[in-house]
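Below is input-v1.cif, which holds mmCIF, C-alpha atoms.
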```cif
data_final
loop_
_atom_site.label_atom_id
_atom_site.label_comp_id
_atom_site.auth_asym_id
_atom_site.auth_seq_id
_atom_site.Cartn_x
_atom_site.Cartn_y
_atom_site.Cartn_z
CA MET A 1 190.02 77.00 180.20
CA ILE A 2 187.14 76.10 182.50
CA ALA A 3 186.26 73.17 180.27
CA LEU A 4 189.88 71.95 180.40
CA ASN A 5 189.91 72.12 184.20
CA LEU A 6 186.67 70.14 184.39
CA LEU A 7 188.13 67.50 182.06
CA VAL A 8 191.26 67.15 184.19
CA LEU A 9 189.16 66.93 187.37
CA SER A 10 186.92 64.22 185.91
CA LEU A 11 189.94 62.21 184.79
CA ALA A 12 191.44 62.47 188.28
CA ILE A 13 188.24 61.17 189.82
CA CYS A 14 188.01 58.30 187.36
CA LEU A 15 191.61 57.28 187.95
CA SER A 16 191.57 57.59 191.74
CA PRO A 17 192.23 54.35 193.75
CA ALA A 18 188.74 54.37 195.24
CA SER A 19 187.10 54.60 191.86
CA ALA A 20 189.40 51.96 190.40
CA SER A 21 188.60 49.53 193.22
CA ALA A 22 184.89 50.18 192.76
CA LEU A 23 185.22 49.36 189.07
CA LEU A 24 187.19 46.19 189.78
CA ALA A 25 184.86 44.99 192.57
CA GLY A 26 182.09 42.58 191.69
CA PRO A 27 178.40 43.47 191.89
CA LEU A 28 176.70 43.74 195.24
CA CYS A 29 174.76 40.68 196.34
CA GLY A 30 171.38 40.85 194.66
CA ASP A 31 172.59 43.00 191.76
CA GLY A 32 174.42 40.25 189.86
CA SER A 33 173.17 38.07 187.04
CA ALA A 34 173.26 34.42 186.03
CA PRO A 35 175.09 32.11 186.00
CA ASP A 36 177.12 33.03 189.12
CA TYR A 37 175.26 36.20 190.22
CA GLY A 38 178.61 37.62 191.32
CA PHE A 39 179.28 34.87 193.90
CA THR A 40 182.57 33.01 194.25
CA TYR A 41 181.68 30.67 197.15
CA ASP A 42 182.56 26.98 197.02
CA LEU A 43 179.42 25.00 196.21
CA GLN A 44 180.17 22.62 199.10
CA GLN A 45 180.67 24.17 202.54
CA ASP A 46 181.67 22.86 205.97
CA HIS A 47 178.48 24.36 207.44
CA TRP A 48 174.99 25.31 206.29
CA THR A 49 175.76 28.82 207.58
CA VAL A 50 178.05 30.94 205.35
CA GLY A 51 179.79 34.14 206.46
CA TRP A 52 179.47 33.50 210.21
CA GLN A 53 183.17 33.92 211.05
CA GLY A 54 183.74 36.79 213.47
CA LEU A 55 180.01 37.27 214.00
CA ALA A 56 178.77 34.01 215.55
CA SER A 57 180.39 31.17 217.48
CA LEU A 58 181.33 27.77 216.07
CA ALA A 59 179.25 26.11 218.81
CA THR A 60 176.13 27.89 217.56
CA VAL A 61 176.91 27.11 213.92
CA ASP A 62 177.28 23.43 214.86
CA LYS A 63 173.86 23.51 216.57
CA VAL A 64 172.37 25.06 213.45
CA ASP A 65 173.97 22.28 211.36
CA THR A 66 172.31 19.65 213.55
CA VAL A 67 168.84 21.05 212.83
CA LEU A 68 169.41 21.72 209.13
CA ASP A 69 171.15 18.35 208.61
CA GLN A 70 167.99 16.60 209.82
CA LEU A 71 165.69 18.76 207.69
CA ASN A 72 167.83 17.81 204.70
CA ALA A 73 167.95 14.11 205.65
CA ASP A 74 164.15 14.08 205.97
CA PHE A 75 163.83 15.64 202.48
CA ILE A 76 161.89 18.56 203.96
CA ALA A 77 164.15 21.49 203.05
CA GLN A 78 167.76 21.92 201.93
CA THR A 79 168.56 25.14 203.77
CA MET A 80 171.48 27.55 203.93
CA ILE A 81 171.98 30.80 205.83
CA LEU A 82 174.03 33.63 204.31
CA ILE A 83 175.36 36.38 206.61
CA LEU A 84 176.65 39.58 204.98
CA PRO A 85 177.42 43.15 206.07
CA GLN A 86 175.06 45.71 204.59
CA ALA A 87 177.87 47.24 202.51
CA GLU A 88 178.02 44.04 200.43
CA VAL A 89 174.29 43.77 199.72
CA GLY A 90 172.27 45.54 197.07
CA ASN A 91 168.75 44.22 196.48
CA ARG A 92 168.23 42.15 199.62
CA VAL A 93 165.39 39.92 198.42
CA ASN A 94 167.24 39.17 195.19
CA CYS A 95 170.38 38.42 197.23
CA ALA A 96 168.63 35.58 199.06
CA VAL A 97 167.08 34.16 195.89
CA HIS A 98 170.32 34.46 193.90
CA PHE A 99 172.29 32.66 196.62
CA LEU A 100 169.76 29.81 196.57
CA ARG A 101 170.18 29.47 192.81
CA TYR A 102 173.96 29.78 192.89
CA MET A 103 174.36 27.13 195.61
CA LYS A 104 172.00 24.82 193.65
CA LEU A 105 169.89 24.11 196.72
CA GLY A 106 167.04 21.63 196.47
CA GLU A 107 166.65 18.05 195.33
CA PRO A 108 167.08 17.70 191.54
CA THR A 109 164.40 15.02 191.15
CA GLY A 110 161.74 13.13 193.06
CA GLU A 111 158.76 14.02 195.18
CA ARG A 112 160.64 16.78 197.02
CA LYS A 113 162.23 18.33 193.96
CA ASP A 114 163.36 22.00 194.28
CA ASN A 115 163.07 22.06 198.09
CA GLY A 116 165.84 24.63 198.52
CA PHE A 117 165.61 27.47 201.04
CA VAL A 118 167.84 30.39 202.07
CA PHE A 119 167.83 32.87 204.93
CA LEU A 120 169.81 36.07 204.37
CA ILE A 121 170.96 37.98 207.46
CA VAL A 122 172.14 41.50 206.66
CA VAL A 123 174.25 42.89 209.49
CA GLU A 124 173.83 46.63 210.10
CA PRO A 125 175.56 48.77 212.76
CA THR A 126 172.78 48.42 215.36
CA ARG A 127 170.44 45.75 213.97
CA ILE A 128 170.04 42.84 211.58
CA ASP A 129 167.65 42.58 208.65
CA VAL A 130 166.48 39.06 207.75
CA HIS A 131 165.13 37.96 204.36
CA TYR A 132 164.48 34.59 202.70
CA GLY A 133 164.36 32.85 199.33
CA VAL A 134 162.09 29.84 198.67
CA GLY A 135 162.51 26.99 196.21
CA LEU A 136 159.74 26.13 193.77
CA GLY A 137 159.17 22.82 195.55
CA LEU A 138 158.05 24.42 198.83
CA PRO A 139 154.71 26.07 197.96
CA ALA A 140 153.27 25.35 201.42
CA LEU A 141 155.79 27.72 203.03
CA THR A 142 154.02 31.05 202.65
CA ALA A 143 154.84 34.61 203.66
CA ALA A 144 152.21 34.45 206.40
CA GLU A 145 154.36 31.89 208.24
CA LEU A 146 157.85 32.87 207.08
CA THR A 147 157.83 36.64 207.59
CA PRO A 148 157.20 36.28 211.38
CA LEU A 149 160.39 34.16 211.51
CA ASN A 150 162.36 37.09 210.12
CA ARG A 151 160.86 39.43 212.71
CA ALA A 152 161.48 36.96 215.56
CA ALA A 153 165.20 36.73 214.73
CA GLU A 154 165.47 40.52 214.36
CA ASP A 155 163.72 41.09 217.70
CA GLU A 156 165.96 38.51 219.40
CA TYR A 157 169.02 40.36 218.16
CA GLN A 158 167.63 43.70 219.33
CA SER A 159 167.04 42.37 222.83
CA THR A 160 170.24 40.34 223.25
CA HIS A 161 172.67 41.96 220.74
CA SER A 162 173.77 38.38 220.02
CA LEU A 163 173.81 36.91 216.54
CA ASP A 164 174.16 33.49 218.18
CA GLN A 165 170.77 33.86 219.84
CA ALA A 166 169.21 35.26 216.68
CA LEU A 167 170.48 32.29 214.66
CA LEU A 168 169.18 29.73 217.15
CA THR A 169 165.78 31.43 217.29
CA LEU A 170 165.54 31.62 213.49
CA VAL A 171 166.47 27.97 212.91
CA SER A 172 164.30 26.62 215.72
CA GLU A 173 161.23 28.50 214.48
CA PHE A 174 161.91 27.50 210.88
CA ASP A 175 162.23 23.84 211.84
CA THR A 176 158.79 24.01 213.48
CA VAL A 177 157.14 25.74 210.52
CA ALA A 178 158.74 23.47 207.92
CA ARG A 179 157.74 20.29 209.77
CA ASN A 180 154.20 21.57 210.28
CA ASN A 181 153.86 21.78 206.51
CA TYR A 182 155.90 18.80 205.32
CA VAL A 183 156.34 15.36 206.86
CA PRO A 184 159.64 13.49 206.53
CA LEU A 185 159.89 11.62 203.27
CA VAL A 186 161.07 8.03 203.43
CA PRO A 187 162.57 7.12 200.03
CA SER A 188 160.93 4.03 198.59
CA ASP A 189 163.16 1.01 198.15
CA SER A 190 162.61 -0.16 194.61
CA SER A 191 164.81 -3.24 194.99
CA GLU A 192 162.92 -6.50 195.17
CA PRO A 193 163.81 -9.15 197.76
CA LEU A 194 165.86 -12.06 196.55
CA GLN A 195 163.63 -14.95 195.57
CA LEU A 196 165.02 -18.45 195.53
CA PRO A 197 163.82 -20.78 192.80
CA PRO A 198 161.22 -23.28 194.02
CA LEU A 199 162.39 -26.78 194.81
CA PRO A 200 161.17 -29.61 192.59
CA SER A 201 158.15 -31.45 193.95
CA GLY A 202 157.97 -35.13 194.75
CA PRO A 203 160.92 -37.48 195.51
CA LEU A 204 163.31 -35.34 193.48
CA GLY A 205 162.53 -32.32 195.68
CA LEU A 206 163.17 -34.36 198.85
CA ILE A 207 166.52 -35.55 197.52
CA THR A 208 167.48 -31.97 196.57
CA LEU A 209 166.56 -30.69 200.05
CA CYS A 210 168.64 -33.42 201.72
CA CYS A 211 171.63 -32.56 199.53
CA LEU A 212 171.35 -28.87 200.46
CA VAL A 213 171.16 -29.72 204.17
CA CYS A 214 174.20 -31.99 203.92
CA LEU A 215 176.17 -29.36 202.00
CA GLY A 216 175.33 -26.68 204.56
CA THR A 217 176.36 -29.00 207.41
CA LEU A 218 179.70 -29.71 205.75
CA VAL A 219 180.38 -26.00 205.26
CA LEU A 220 179.51 -25.28 208.89
CA LEU A 221 181.78 -28.10 210.12
CA PHE A 222 184.63 -26.79 207.95
CA VAL A 223 184.26 -23.26 209.34
CA LEU A 224 184.21 -24.58 212.91
CA TRP A 225 187.33 -26.67 212.22
CA VAL A 226 189.16 -23.59 210.84
CA LEU A 227 188.19 -21.52 213.89
CA PHE A 228 189.34 -24.32 216.19
CA GLN A 229 192.74 -24.47 214.48
CA LEU A 230 193.13 -20.69 214.68
CA ALA A 231 192.21 -20.72 218.37
CA ARG A 232 194.75 -23.46 219.10
CA SER A 233 197.52 -21.43 217.45
CA GLY A 234 196.48 -18.14 219.12
CA LEU A 235 195.88 -16.44 215.78
CA LEU A 236 192.12 -16.08 216.35
CA PHE A 237 192.49 -13.63 219.23
CA ASP A 238 195.11 -11.63 217.34
CA LEU A 239 192.71 -11.29 214.39
CA ILE A 240 189.88 -10.18 216.69
CA ARG A 241 192.04 -7.50 218.33
CA LEU A 242 193.25 -6.30 214.94
CA GLY A 243 189.71 -6.05 213.62
CA LEU A 244 188.43 -4.12 216.63
CA GLY A 245 191.36 -1.74 216.44
CA GLY A 246 190.71 -1.09 212.76
CA MET A 247 187.04 -0.35 213.41
CA GLY A 248 187.93 2.13 216.13
CA SER A 249 190.42 4.01 213.97
CA SER A 250 187.96 4.08 211.08
CA ARG A 251 185.25 5.63 213.23
CA GLY A 252 187.67 8.21 214.60
CA GLY A 253 188.78 9.21 211.13
CA SER A 254 185.26 9.71 209.82
CA ASP A 255 184.22 11.79 212.83
CA SER A 256 187.21 14.11 212.47
CA ARG A 257 186.44 15.07 208.87
CA PRO A 258 184.05 18.02 208.37
CA ALA A 259 180.82 17.24 206.61
CA SER A 260 180.32 18.64 203.13
CA ARG A 261 177.14 20.67 202.91
CA GLY A 262 175.62 22.23 199.83
CA GLY A 263 173.07 21.83 197.09
CA SER A 264 172.05 18.69 195.29
CA GLY A 265 171.89 20.33 191.89
CA SER A 266 168.51 22.06 191.54
CA GLY A 267 168.52 25.69 192.65
CA ARG A 268 165.18 26.56 191.10
CA SER A 269 163.42 29.28 193.05
CA GLY A 270 160.75 31.80 192.39
CA ARG A 271 160.04 34.02 195.38
CA GLY A 272 161.52 35.70 198.40
CA ASN A 273 160.86 38.33 201.01
#
```

Encoded form using structure tokens:
Amino acid sequence: MIALNLLVLSLAICLSPASASALLAGPLCGDGSAPDYGFTYDLQQDHWTVGWQGLASLATVDKVDTVLDQLNADFIAQTMILILPQAEVGNRVNCAVHFLRYMKLGEPTGERKDNGFVFLIVVEPTRIDVHYGVGLGLPALTAAELTPLNRAAEDEYQSTHSLDQALLTLVSEFDTVARNNYVPLVPSDSSEPLQLPPLPSGPLGLITLCCLVCLGTLVLLFVLWVLFQLARSGLLFDLIRLGLGGMGSSRGGSDSRPASRGGSGSGRSGRGN
């Protein structure tokens, strides 16, 4: 009879809503496995910071984007920040590294291959806990320089109780450390300048040069004649106004669209803290 009661009690626990939801929920961040590590985020985001809604302001996230956009454009580090409540995080170091791999951060090829980087901010009731994951292509960024960045952001939050201030401190300090170790990379232009074939020497070359000059003069005169005719008919000014208006609307459209931020397709990483 006692055994039967224990069996019924265990079945009730297993079939309770809380237990069912726990079974259906994915693994905590840091406890998942490849290929997705339990993440379902879009690989391209509007901001380099993920999970900021309700915790930080859009103005701060935009300032963070400005710094991290430039680090990415300079091929120094392709960096994202993940913010999660502590209830959603298991192994915190693994969480940062797994997010770096999942988001495929880092250049896939070239001199700055695997330059991905992630900061993880775990939000607790009275404090934050900051960790990081480093791509294989950033060996110069060591724990001796990176761990103090974690502590600086945590201390800033403790003194101000503002995640905005903690984010700005973290990104500003990281920008300094990253640039102290890596200079901006200017991609080499492999394209060769256009080379015109040499003109023939002697009288034939002089005749060829004269023909080219005459042809160019005729083309220039024709273009000037067309512009003159358009100006006489008033069409030239209409075309100019139309072109300027199109340029203005094009610029406005591109500025209104959010940038797409995410990895370039590498994601290889090997360490975190």

Next on the checklist: For A:Leu71, find every residue with an atom within 12 Å (counting only C-alpha atoms), except residues of its own chain fewer than 5 positions away, and show them as a PyMOL selection string.
Outcome noted: chain A and resi 48+64-66+76-80+106+112+115-117+171-172+174-179+182-185

Could those selected residues go to a file with C-alpha atoms, as a tab-separated table (two decimals), in the coordinates of the input?
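part.tsv written:
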```tsv
chain	number	residue	atom	x	y	z
A	48	TRP	CA	174.99	25.31	206.29
A	64	VAL	CA	172.37	25.06	213.45
A	65	ASP	CA	173.97	22.28	211.36
A	66	THR	CA	172.31	19.65	213.55
A	76	ILE	CA	161.89	18.56	203.96
A	77	ALA	CA	164.15	21.49	203.05
A	78	GLN	CA	167.76	21.92	201.93
A	79	THR	CA	168.56	25.14	203.77
A	80	MET	CA	171.48	27.55	203.93
A	106	GLY	CA	167.04	21.63	196.47
A	112	ARG	CA	160.64	16.78	197.02
A	115	ASN	CA	163.07	22.06	198.09
A	116	GLY	CA	165.84	24.63	198.52
A	117	PHE	CA	165.61	27.47	201.04
A	171	VAL	CA	166.47	27.97	212.91
A	172	SER	CA	164.30	26.62	215.72
A	174	PHE	CA	161.91	27.50	210.88
A	175	ASP	CA	162.23	23.84	211.84
A	176	THR	CA	158.79	24.01	213.48
A	177	VAL	CA	157.14	25.74	210.52
A	178	ALA	CA	158.74	23.47	207.92
A	179	ARG	CA	157.74	20.29	209.77
A	182	TYR	CA	155.90	18.80	205.32
A	183	VAL	CA	156.34	15.36	206.86
A	184	PRO	CA	159.64	13.49	206.53
A	185	LEU	CA	159.89	11.62	203.27
```

Item to check | Residues returned when the PyMOL selection byres ((chain A and resi 148) around 12) runs on this file, as a PyMOL selection string | outcome: chain A and resi 130-132+142-147+149-155+169-170+173-174+177+273

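Picture a line from atom CA of A:Leu167 to atom CA of A:Ile81; it runs 9.1 Å.
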
Next on the checklist: Please compute the atom CA of A:Gly267-atom CA of A:Arg127 distance, one decimal, in Å.
Outcome noted: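 Going from atom CA of A:Gly267 over to atom CA of A:Arg127, I get 29.3 Å.
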
Item to check | Spatial neighbours of A:Leu163, 8 Å, all atoms listed in the file, chain gap at least 6 places, as a ChimeraX atom specification | outcome: /A:55-56,157

Protein and nucleic acid residues near (173.8, 47.6, 209.0) (cut-off 12 Å, all atoms listed in the file) as a PDB file with C-alpha atoms, in the frame of the given file:
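And here is the file that came out, selection05.pdb:
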```pdb
ATOM      1  CA  ILE A  83     175.360  36.380 206.610  1.00  0.00           C
ATOM      2  CA  LEU A  84     176.650  39.580 204.980  1.00  0.00           C
ATOM      3  CA  PRO A  85     177.420  43.150 206.070  1.00  0.00           C
ATOM      4  CA  GLN A  86     175.060  45.710 204.590  1.00  0.00           C
ATOM      5  CA  ALA A  87     177.870  47.240 202.510  1.00  0.00           C
ATOM      6  CA  GLU A  88     178.020  44.040 200.430  1.00  0.00           C
ATOM      7  CA  VAL A  89     174.290  43.770 199.720  1.00  0.00           C
ATOM      8  CA  ILE A 121     170.960  37.980 207.460  1.00  0.00           C
ATOM      9  CA  VAL A 122     172.140  41.500 206.660  1.00  0.00           C
ATOM     10  CA  VAL A 123     174.250  42.890 209.490  1.00  0.00           C
ATOM     11  CA  GLU A 124     173.830  46.630 210.100  1.00  0.00           C
ATOM     12  CA  PRO A 125     175.560  48.770 212.760  1.00  0.00           C
ATOM     13  CA  THR A 126     172.780  48.420 215.360  1.00  0.00           C
ATOM     14  CA  ARG A 127     170.440  45.750 213.970  1.00  0.00           C
ATOM     15  CA  ILE A 128     170.040  42.840 211.580  1.00  0.00           C
ATOM     16  CA  ASP A 129     167.650  42.580 208.650  1.00  0.00           C
ATOM     17  CA  VAL A 130     166.480  39.060 207.750  1.00  0.00           C
TER      18      VAL A 130
END
```

Next on the checklist: Can you pull out the residues contacting A:Glu107? Cut-off 6 Å, using all atoms listed in the file, and skip same-chain residues under 2 positions away; I want them as number ranges by chain.
Outcome noted: A: 109, 113-114, 264, 266

Could the residues in this selection be saved with C-alpha atoms as a PDB file, in the coordinates of the input?
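Result file is result04.pdb:
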```
ATOM      1  CA  THR A 109     164.400  15.020 191.150  1.00  0.00           C
ATOM      2  CA  LYS A 113     162.230  18.330 193.960  1.00  0.00           C
ATOM      3  CA  ASP A 114     163.360  22.000 194.280  1.00  0.00           C
ATOM      4  CA  SER A 264     172.050  18.690 195.290  1.00  0.00           C
ATOM      5  CA  SER A 266     168.510  22.060 191.540  1.00  0.00           C
TER       6      SER A 266
END
```

Item to check | Two-atom distance - atom CA of A:Phe39, atom CA of A:Arg271 (Å) | outcome: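 Answer for the atom CA of A:Phe39 to atom CA of A:Arg271 separation: 19.3 Å.
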
Next on the checklist: Could you check the closest approach to A:Leu82 for each of A:Leu58, A:Cys211, A:Val50, A:Leu100 and tell me which residue wins, using only C-alpha atoms?
Outcome noted: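 Distance minimum relative to A:Leu82 lands on A:Val50.
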
Next on the checklist: I'd like the contact shell of A:Asp42 - 12 Å cut-off, only C-alpha atoms, skipping same-chain residues fewer than 2 positions apart - returned as an NGL selection string.
Outcome noted: :A and (36 or 39-40 or 44-47 or 50 or 99 or 102-104 or 260-263)

Checklist entry - Restricting the calculation to all atoms listed in the file, which member of A:Thr208, A:Ser162, A:Gln229, A:Asn94 is positioned closest to A:Gly30? => result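 Checking each of A:Thr208, A:Ser162, A:Gln229, A:Asn94 against A:Gly30, counting all atoms listed in the file, the winner is A:Asn94.
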
Next on the checklist: (164.8, 10.3, 202.4) in this file's frame - what residues fall within 6 Å of it? Use all atoms listed in the file and give the answer as a list in words.
Outcome noted: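 These residues have at least one counted atom within 6 Å: Ala73, Asp74, Phe75, Leu185, Val186 and Pro187 of chain A.
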
Box time for stretch 148-161 of chain A: axis-aligned, enclosing all its listed atoms, 5 Å extra on each side; report centre and edge lengths in Å to one decimal, as JSON.
```
{"center_x": 164.9, "center_y": 38.9, "center_z": 216.7, "size_x": 25.5, "size_y": 19.5, "size_z": 23.1}
```

Next on the checklist: Just want the 6 Å neighbourhood of A:Thr60, counted on all atoms listed in the file, with same-chain residues fewer than 3 positions away dropped. Output as number ranges by chain.
Outcome noted: A: 57, 63, 164

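Distances from A:Val61, A:Val67, A:Ala166, A:Leu221 to A:Thr49 were compared using only C-alpha atoms, and the smallest one belongs to A:Val61.
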